[in-house]
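Heads up, the thing below is written out as structure tokens.
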Amino acid sequence: VVARSVGTTRVTAFVYARSSLTHERVLFGAAHIDVCVQHLTGIRIKSQVNQLVVGGEANAWVEGVGDGETPFTLADAGIAFRWASADPHVLAVRGVYDANECALEDEPSALSARVLGTSRGRTTVTVTIAAVPSTLPATYLKYSAALQVGVVEPLRLLAPSSDAPMLLLPPRARYVLHTNKDGAPRLTYRVMTPGESPVVNVTSQGVVESLATFGTATITIQDALTRESVALLVAVKSIAHLQLLPRPGAPREIPVGGTLDYNIVIRDDLGRPF
């Protein structure tokens, strides 16, 4: 279907077959679709999100500002799309087939692109449409659109390290959790205990207090701004034994009157340090 002039029409498809007995043509079915041809009055950028975490990614695409002007109406309209990021250090724009060694510059008809958060900040993604020569009037060059995108740091657990499998505590102990967003009023802490008896409590400042009950619990930390959350498994166990170990770098020989520093390590019945 090729658009010729402004207006609305109906395109109908018919399915015919010829009878083997009478050799007459028989109508098996028909289907139709209404097609509207109109001038492009502007464009806009659409995306599922307007905020990303560093390392996050989302799709962005172009559509017309009129009713029913989906991206498909622009897909074969003789339009070239030019995408750009105002600050590539904050937000990078890549082609959909960038992983297949097809850069965005090599896709003139790329009505969609990938946006990737690279560092914290806020910037603008812009797209400008240009008429491919001999296909559309030059007035189409005037259309452009922009989308504001914010990039934030992802929520990370610093203490204990996010690499730690869990936090091991003896009864009646306290531990202060630390994240890369400590002090932000949007952080909330919550304890989820599988059983009926709680094993730990956590304050709004991230202070974990183990109780006298042995068991496990999960503490979730949520950032209300980005709706991110991290989970930490906490186990409360009894102390099995103590271990006295010299501090790293301690000398093998001590002069008379010298001192040697040791660390006291407490471990559970599986040898894991608290």
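Following the order of the structure tokens, first chain is A, next is B, and so on, with residues numbered from 1 inside each chain and ligands from 1 in the order they appear.
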Could you name the residues that touch Ala113 of chain A at 9 Å or less, counting only C-alpha atoms, but leaving out those on the same chain fewer than 3 positions away, as JSON, numbers by chain? {"A": [58, 59, 60, 61, 83, 93, 94, 95, 96, 97, 104, 110]}
Keeping only N, CA and C atoms, write the selected residues to a file as a short mmCIF file (atom, residue, chain, number, x, y, z; two decimals), in the first residue's frame.
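Below is the file that was written, result.cif:
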data_model
loop_
_atom_site.label_atom_id
_atom_site.label_comp_id
_atom_site.auth_asym_id
_atom_site.auth_seq_id
_atom_site.Cartn_x
_atom_site.Cartn_y
_atom_site.Cartn_z
N ALA A 58 17.36 0.83 28.38
CA ALA A 58 15.95 0.83 27.98
C ALA A 58 15.86 1.16 26.50
N ASN A 59 14.71 0.89 25.92
CA ASN A 59 14.46 1.24 24.52
C ASN A 59 13.75 2.58 24.45
N ALA A 60 14.02 3.32 23.38
CA ALA A 60 13.31 4.55 23.07
C ALA A 60 12.92 4.50 21.60
N TRP A 61 11.77 5.07 21.26
CA TRP A 61 11.31 5.02 19.88
C TRP A 61 10.57 6.30 19.53
N TRP A 83 19.77 10.27 16.02
CA TRP A 83 19.70 10.23 17.47
C TRP A 83 20.96 10.85 18.06
N VAL A 93 23.71 6.49 23.58
CA VAL A 93 22.66 6.05 22.66
C VAL A 93 23.27 5.06 21.70
N ARG A 94 22.70 3.88 21.61
CA ARG A 94 23.21 2.82 20.75
C ARG A 94 22.09 2.32 19.84
N GLY A 95 22.49 1.71 18.76
CA GLY A 95 21.52 1.12 17.85
C GLY A 95 20.98 -0.19 18.39
N VAL A 96 19.83 -0.58 17.90
CA VAL A 96 19.22 -1.84 18.34
C VAL A 96 20.12 -3.01 17.98
N TYR A 97 20.81 -2.90 16.84
CA TYR A 97 21.66 -4.00 16.37
C TYR A 97 23.14 -3.69 16.61
N LEU A 104 24.57 2.81 15.13
CA LEU A 104 23.36 3.61 14.92
C LEU A 104 23.49 4.48 13.68
N ALA A 110 16.46 4.01 11.60
CA ALA A 110 16.31 3.51 12.97
C ALA A 110 15.32 4.36 13.74
#
Contacts of segment 62-81 of chain A with segment 41-52 of chain A up to 7 Å, shortest pair per row, only C-alpha atoms, as a tab-separated table:
residue	atom	partner	partner_atom	distance
A:Val62	CA	A:Ile45	CA	4.8
A:Glu63	CA	A:Ile43	CA	5.6
A:Gly64	CA	A:Ile43	CA	4.3
A:Val65	CA	A:Ile43	CA	5.3
Out of A:Val230, A:Leu211, A:Val125, A:Ala99, which residue has the shortest atom-to-atom distance to Leu157 of chain A when counting only C-alpha atoms?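 Residue with the minimum atom-to-atom distance to Leu157 of chain A: A:Val230.
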Which polymer residues have any atom within 7 Å of an atom of segment 175-187 of chain A, counting only C-alpha atoms, with same-chain residues fewer than 2 positions away left out, as a list of chain:residue names? A:Leu155, A:Arg156, A:Leu157, A:Leu158, A:Ala159, A:Pro160, A:Ala173, A:Tyr189, A:Gly206, A:Val207, A:Val208, A:Glu209, A:Ile221, A:Gln222, A:Asp223, A:Ala224, A:Leu225
Within 8 Å of Gly56 of chain A, counting only C-alpha atoms, which residues qualify if same-chain residues fewer than 3 places away don't, as a list of chain:residue names?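 Near Gly56 of chain A, the qualifying residues are A:Leu52, A:Val53, A:Leu116, A:Gly117.
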For His241 of chain A, which residue among A:Pro194, A:Phe274, A:Val35, A:Tyr262 is the nearest when counting only C-alpha atoms? A:Phe274
From the list A:Thr203, A:Leu245, A:Pro71, A:Ala240, which residue is nearest Leu270 of chain A when using only C-alpha atoms? A:Ala240
I'd like the neighbourhood of Asn263 of chain A as a PDB file with C-alpha atoms, in the first residue's frame, where a residue qualifies if any of its atoms comes within 8 Å (using only C-alpha atoms), though same-chain residues fewer than 4 positions away should be ignored.
ATOM      1  CA  LEU A 244      43.578 -16.093  68.308  1.00  0.00           C
ATOM      2  CA  LEU A 245      45.414 -15.024  65.151  1.00  0.00           C
ATOM      3  CA  PRO A 246      48.328 -12.594  64.694  1.00  0.00           C
ATOM      4  CA  ARG A 247      47.530  -9.509  62.691  1.00  0.00           C
TER       5      ARG A 247
END
If DSSP is run on the backbone, what residues of segment 125-198 of chain A are strand (DSSP E or B)? A reply as a ChimeraX atom specification would be ideal. /A:125-131,144-152,157-159,167-169,174-176,178-179,187-192
Calculated over only C-alpha atoms, which of the candidates A:Leu111, A:Leu167, A:Val90, A:Leu242 has the smallest distance to Ile264 of chain A?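 Answer, going by the shortest atom-to-atom distance: A:Leu242.
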Using atom CA of Glu253 of chain A and atom CA of Ile266 of chain A as the two end points, give the distance in Å to one decimal.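 Spanning atom CA of Glu253 of chain A to atom CA of Ile266 of chain A is a straight-line distance of 25.7 Å.
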Counting only C-alpha atoms, which of A:Ala84, A:Cys36, A:Val236, A:Leu91 gets nearest to Gly66 of chain A?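 Between A:Ala84, A:Cys36, A:Val236, A:Leu91, the residue approaching Gly66 of chain A most closely is A:Cys36.
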Residues of segment 97-204 of chain A in helix (DSSP H, G or I) according to DSSP, as a short mmCIF file (atom, residue, chain, number, x, y, z; two decimals) with N, CA and C atoms, in the first residue's frame?
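Generated output (states_26.cif):
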data_model
loop_
_atom_site.label_atom_id
_atom_site.label_comp_id
_atom_site.auth_asym_id
_atom_site.auth_seq_id
_atom_site.Cartn_x
_atom_site.Cartn_y
_atom_site.Cartn_z
N ASP A 98 23.40 -2.90 17.64
CA ASP A 98 24.79 -2.53 17.94
C ASP A 98 25.64 -3.75 18.27
N ALA A 99 25.04 -4.74 18.94
CA ALA A 99 25.78 -5.95 19.28
C ALA A 99 26.13 -6.77 18.05
N ASN A 100 25.44 -6.50 16.93
CA ASN A 100 25.72 -7.21 15.68
C ASN A 100 26.59 -6.38 14.75
N LEU A 104 24.57 2.81 15.13
CA LEU A 104 23.36 3.61 14.92
C LEU A 104 23.49 4.48 13.68
N GLU A 105 24.71 4.94 13.39
CA GLU A 105 24.91 5.78 12.21
C GLU A 105 24.68 5.00 10.92
N ASP A 106 24.79 3.68 11.00
CA ASP A 106 24.58 2.85 9.82
C ASP A 106 23.12 2.44 9.65
N ALA A 138 11.17 18.96 1.89
CA ALA A 138 12.21 19.38 2.83
C ALA A 138 11.64 19.92 4.13
N THR A 139 10.34 20.25 4.17
CA THR A 139 9.76 20.78 5.40
C THR A 139 9.79 19.77 6.53
N TYR A 140 9.96 18.48 6.21
CA TYR A 140 10.01 17.47 7.25
C TYR A 140 11.29 17.56 8.07
N LEU A 141 12.25 18.34 7.60
CA LEU A 141 13.51 18.47 8.33
C LEU A 141 13.33 19.23 9.64
N LYS A 142 12.23 19.95 9.80
CA LYS A 142 12.07 20.81 10.97
C LYS A 142 11.66 20.05 12.22
#
Spatial neighbours of Ala30 of chain A, 10 Å, only C-alpha atoms, chain gap at least 2 places, as a list in words: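 Listing them by chain and then by number gives Thr12, Ala13, Phe14, Val15, Tyr16, Leu27, Phe28 and His32 of chain A.
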Atom CA of Val37 of chain A and atom CA of Gly7 of chain A, how far apart in Å?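 That distance, rounded to one decimal, is 5.2 Å.
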To one decimal in Å, tell me the separation between atom CA of Val54 of chain A and atom CA of Thr123 of chain A.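 Result for atom CA of Val54 of chain A versus atom CA of Thr123 of chain A: 13.3 Å, one decimal.
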May I ask which of the residues A:Gly121, A:Pro88, A:Gly257, A:Gly215 is the closest one to Val234 of chain A, counting only C-alpha atoms?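 Between A:Gly121, A:Pro88, A:Gly257, A:Gly215, the residue approaching Val234 of chain A most closely is A:Gly215.
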Using only C-alpha atoms, what does the table of segment 74-94 of chain A residues within 10 Å of segment 127-131 of chain A look like, with each row giving the shortest atom pair and its distance in Å to one decimal, sorted by chain and ascending number, as a Markdown table?
| residue | atom | partner | partner_atom | distance |
| --- | --- | --- | --- | --- |
| A:Ala77 | CA | A:Ala131 | CA | 8.8 |
| A:Gly78 | CA | A:Ala131 | CA | 6.3 |
| A:Ile79 | CA | A:Ala131 | CA | 4.8 |
| A:Ala80 | CA | A:Ala130 | CA | 5.0 |
| A:Phe81 | CA | A:Ile129 | CA | 4.7 |
| A:Arg82 | CA | A:Thr128 | CA | 5.1 |
| A:Trp83 | CA | A:Val127 | CA | 4.4 |
| A:Ala84 | CA | A:Val127 | CA | 6.4 |
| A:Ser85 | CA | A:Val127 | CA | 8.9 |
